[in-house]
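Colleague: My structure is in protein_23.txt, and what it holds is compact mmCIF, C-alpha atoms:
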```txt
# COMPACT_ATOMS: atom_id res chain seq x y z
CA MET A 319 13.67 167.41 205.02
CA SER A 320 15.30 169.65 202.46
CA THR A 321 17.33 171.40 205.16
CA ASP A 322 18.76 168.07 206.42
CA ALA A 323 19.54 166.86 202.87
CA SER A 324 21.57 169.91 202.00
CA PRO A 325 24.13 169.61 204.86
CA LYS A 326 24.35 165.83 204.31
CA SER A 327 24.99 166.39 200.61
CA ARG A 328 27.66 168.93 201.42
CA ARG A 329 29.37 166.56 203.86
CA LEU A 330 29.21 163.77 201.30
CA LEU A 331 30.75 166.04 198.67
CA LEU A 332 33.49 167.09 201.10
CA ILE A 333 34.26 163.46 201.95
CA LEU A 334 34.32 162.48 198.26
CA GLY A 335 36.56 165.45 197.48
CA ALA A 336 38.94 164.51 200.30
CA LEU A 337 39.06 160.88 199.13
CA THR A 338 39.76 162.03 195.58
CA ALA A 339 42.62 164.23 196.80
CA VAL A 340 44.08 161.36 198.87
CA ALA A 341 43.82 159.01 195.88
CA ALA A 342 45.57 161.55 193.64
CA VAL A 343 48.40 162.01 196.15
CA LEU A 344 48.76 158.22 196.53
CA ALA A 345 48.83 157.78 192.75
CA GLY A 346 51.54 160.45 192.48
CA VAL A 347 53.65 158.83 195.20
CA LEU A 348 53.35 155.41 193.55
CA TYR A 349 54.22 156.83 190.14
CA PHE A 350 57.38 158.54 191.35
CA THR A 351 58.55 155.70 193.64
CA LEU A 352 57.60 152.54 191.75
CA TYR A 353 56.71 153.24 188.16
CA ARG A 354 59.12 156.03 187.29
CA PRO A 355 62.39 154.18 188.16
CA ASP A 356 61.31 151.36 185.84
CA GLN A 357 60.96 153.87 183.03
CA ARG A 358 64.69 154.58 183.23
CA VAL A 359 65.41 150.94 182.33
CA ASP A 360 65.32 150.54 178.58
CA ASP A 361 66.26 147.81 176.11
CA THR A 362 69.90 148.95 176.17
CA VAL A 363 70.12 148.31 179.91
CA ARG A 364 68.39 144.94 179.56
CA ALA A 365 70.88 143.95 176.83
CA ALA A 366 73.83 145.18 178.93
CA VAL A 367 72.86 143.17 182.02
CA THR A 368 72.17 140.08 179.94
CA ASP A 369 75.56 140.36 178.22
CA THR A 370 77.34 141.04 181.52
CA ALA A 371 75.71 138.01 183.14
CA SER A 372 76.53 135.78 180.16
CA GLN A 373 80.16 136.85 179.83
CA GLY A 374 80.57 136.70 183.61
CA ALA A 375 79.23 133.15 183.80
CA ILE A 376 81.62 132.05 181.07
CA ALA A 377 84.52 133.65 182.97
CA LEU A 378 83.48 132.11 186.29
CA LEU A 379 83.01 128.61 184.94
CA SER A 380 85.89 128.36 182.43
CA TYR A 381 89.52 127.66 183.32
CA GLU A 382 92.54 125.61 182.29
CA PRO A 383 95.04 123.92 184.63
CA ASP A 384 97.99 125.96 183.34
CA THR A 385 96.20 129.32 183.60
CA VAL A 386 93.74 128.75 186.46
CA GLU A 387 95.10 131.54 188.68
CA ASN A 388 94.87 134.08 185.85
CA ASP A 389 91.43 132.75 184.84
CA VAL A 390 90.14 133.05 188.40
CA GLY A 391 91.72 136.49 188.80
CA ALA A 392 90.04 137.76 185.65
CA ALA A 393 86.70 136.34 186.78
CA LYS A 394 86.97 138.08 190.18
CA GLU A 395 87.10 141.47 188.45
CA ARG A 396 83.46 140.88 187.41
CA LEU A 397 82.21 140.25 190.98
CA THR A 398 81.20 142.27 194.02
CA GLY A 399 80.05 141.94 197.61
CA GLU A 400 79.61 138.70 199.50
CA PHE A 401 79.68 136.70 196.28
CA LEU A 402 83.19 137.98 195.55
CA ASP A 403 84.25 136.86 199.03
CA TYR A 404 82.66 133.43 198.55
CA TYR A 405 84.17 132.95 195.08
CA THR A 406 87.62 133.97 196.31
CA GLN A 407 87.49 131.45 199.15
CA PHE A 408 86.00 128.66 196.99
CA THR A 409 88.51 129.05 194.18
CA THR A 410 91.43 129.22 196.62
CA ASP A 411 90.33 126.13 198.55
CA VAL A 412 88.80 123.97 195.80
CA VAL A 413 89.10 125.11 192.19
CA VAL A 414 92.78 126.05 191.90
CA PRO A 415 94.08 122.94 193.74
CA ALA A 416 91.79 120.61 191.76
CA ALA A 417 92.70 122.21 188.44
CA LYS A 418 96.40 121.85 189.13
CA GLU A 419 96.49 118.45 190.86
CA SER A 420 93.92 116.65 188.71
CA GLN A 421 94.40 118.67 185.52
CA VAL A 422 90.75 119.76 185.55
CA ALA A 423 89.70 122.03 182.70
CA THR A 424 86.24 123.45 182.11
CA ARG A 425 84.72 125.45 179.31
CA ALA A 426 81.29 127.08 179.66
CA THR A 427 78.95 128.40 176.99
CA VAL A 428 75.64 130.18 177.40
CA ALA A 429 72.92 128.45 175.38
CA ALA A 430 70.19 130.98 176.20
CA SER A 431 69.68 133.98 178.43
CA GLY A 432 67.11 136.55 179.40
CA PRO A 433 66.50 139.25 181.97
CA VAL A 434 64.10 138.28 184.75
CA GLU A 435 64.01 141.59 186.59
CA VAL A 436 65.82 144.83 185.79
CA ALA A 437 65.79 148.00 187.87
CA ALA A 438 67.98 151.09 187.79
CA ASP A 439 70.76 149.55 189.91
CA THR A 440 69.97 145.83 190.29
CA ALA A 441 69.08 143.03 187.92
CA THR A 442 68.50 139.30 187.74
CA VAL A 443 69.24 137.35 184.57
CA LEU A 444 68.40 133.70 183.93
CA LEU A 445 71.08 131.77 182.03
CA PHE A 446 71.05 128.30 180.52
CA VAL A 447 74.68 127.19 180.61
CA ASN A 448 76.46 124.19 179.10
CA GLN A 449 79.74 123.25 180.75
CA THR A 450 82.28 120.79 179.38
CA THR A 451 84.76 119.34 181.89
CA THR A 452 87.83 117.17 181.39
CA SER A 453 90.51 115.91 183.78
CA ALA A 454 93.54 113.65 183.77
CA ALA A 455 91.43 110.85 185.23
CA LYS A 456 88.54 111.41 182.79
CA PRO A 457 89.91 112.88 179.55
CA GLU A 458 86.60 112.20 177.76
CA PRO A 459 84.59 115.45 177.99
CA ALA A 460 81.63 115.44 180.39
CA VAL A 461 78.90 117.90 179.49
CA THR A 462 76.46 119.29 182.03
CA ALA A 463 73.59 121.70 181.51
CA THR A 464 72.59 124.11 184.26
CA SER A 465 70.24 127.03 184.65
CA ILE A 466 71.56 129.86 186.80
CA ASN A 467 70.01 133.01 188.24
CA VAL A 468 72.69 135.70 188.07
CA GLU A 469 72.16 138.73 190.28
CA LEU A 470 73.87 141.96 189.24
CA THR A 471 74.49 145.23 191.04
CA LYS A 472 75.42 148.48 189.34
CA SER A 473 78.70 149.94 190.56
CA GLY A 474 79.41 153.29 188.95
CA GLU A 475 78.92 152.70 185.23
CA ASN A 476 79.54 148.92 185.45
CA TRP A 477 77.32 145.98 186.28
CA LEU A 478 78.96 143.42 188.61
CA ILE A 479 77.81 139.94 189.60
CA SER A 480 76.59 139.89 193.19
CA GLY A 481 74.88 136.48 193.19
CA PHE A 482 75.17 133.25 191.21
CA ASP A 483 72.54 130.64 192.08
CA PRO A 484 71.82 127.43 190.16
CA VAL A 485 68.07 126.77 189.86
```
Give the structure from the file, written as structure tokens.
Modeller:
Amino acid sequence: MSTDASPKSRRLLLILGALTAVAAVLAGVLYFTLYRPDQRVDDTVRAAVTDTASQGAIALLSYEPDTVENDVGAAKERLTGEFLDYYTQFTTDVVVPAAKESQVATRATVAASGPVEVAADTATVLLFVNQTTTSAAKPEPAVTATSINVELTKSGENWLISGFDPV
């Protein structure tokens, strides 16, 4: 019996050693692919994406009838990708004509904000936005409150808005 136990013990030790080596390699791969990039995101980055999302939302949602083209143009500088294309089309077809024809003016403020997810080159920030709207037909201000998920993408040294979804 002792001769059979010794080879079985050796095989068991070899299997356990191999499993330990595989687990160590897997842990290393996970550390360098998942955990390590998150370590590069500090409080400064979280503050930067939150500020960028907040200031961007104010720019996107605030305009005056007399300056709507300039307001929209300045807002577009904060955008990227498909959202830039959508915003360009929407403001050309809807916002600019309505602002001019109906004297629509809006002013947005961010009541609260916080990062939801932040990585090295992408982020999502949740904003709670209050928007005040007036028009020639309704000069009494109408206030609406909205929560918005703002997606950001890093482009060079800047964060740009790549998504803007009310929730």
Colleague: Could you pull the residues within 7 Å of A:Val434, counting only C-alpha atoms, minus those fewer than 3 positions along the same chain, as an mmCIF file with C-alpha atoms, in the frame of the given file?
Modeller:
```
data_model
loop_
_atom_site.group_PDB
_atom_site.id
_atom_site.type_symbol
_atom_site.label_atom_id
_atom_site.label_comp_id
_atom_site.auth_asym_id
_atom_site.auth_seq_id
_atom_site.Cartn_x
_atom_site.Cartn_y
_atom_site.Cartn_z
ATOM 1 C CA THR A 442 68.500 139.300 187.740
ATOM 2 C CA VAL A 443 69.240 137.350 184.570
ATOM 3 C CA LEU A 444 68.400 133.700 183.930
#
```
Colleague: What separation in Å, quoted to one decimal, exists between atom CA of A:Glu400 and atom CA of A:Ser480?
Modeller: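 We find that atom CA of A:Glu400 and atom CA of A:Ser480 lie 7.1 Å from each other.
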Colleague: List every protein, DNA or RNA residue with an atom no more than 9 Å from (82.9, 116.7, 182.9) in the file's coordinates, counting only C-alpha atoms, and format the result as a VMD selection string.
Modeller: chain A and resid 422 to 424 449 to 453 456 to 462
Colleague: Applying 10 Å and only C-alpha atoms, which residues near A:Asp483 remain after dropping the ones on its own chain fewer than 2 positions away? List them as a list in words.
Modeller: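 Contacts, in chain order: Leu444, Ser465, Ile466, Asn467, Val468, Glu469, Gly481 and Val485 of chain A.
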Colleague: Those residues you just picked out, can you put them in a file as a PDB file, in the coordinates of the input with C-alpha atoms?
Modeller:
```pdb
ATOM      1  CA  LEU A 444      68.400 133.700 183.930  1.00  0.00           C
ATOM      2  CA  SER A 465      70.240 127.030 184.650  1.00  0.00           C
ATOM      3  CA  ILE A 466      71.560 129.860 186.800  1.00  0.00           C
ATOM      4  CA  ASN A 467      70.010 133.010 188.240  1.00  0.00           C
ATOM      5  CA  VAL A 468      72.690 135.700 188.070  1.00  0.00           C
ATOM      6  CA  GLU A 469      72.160 138.730 190.280  1.00  0.00           C
ATOM      7  CA  GLY A 481      74.880 136.480 193.190  1.00  0.00           C
ATOM      8  CA  VAL A 485      68.070 126.770 189.860  1.00  0.00           C
TER       9      VAL A 485
END
```
Colleague: For a quick check of understanding, using only C-alpha atoms, which of A:Asp411, A:Asp369, A:Asp389, A:Asp360 has the smallest distance to A:Leu478?
Modeller: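 Checking each candidate against A:Leu478, we get A:Asp369 as the closest.
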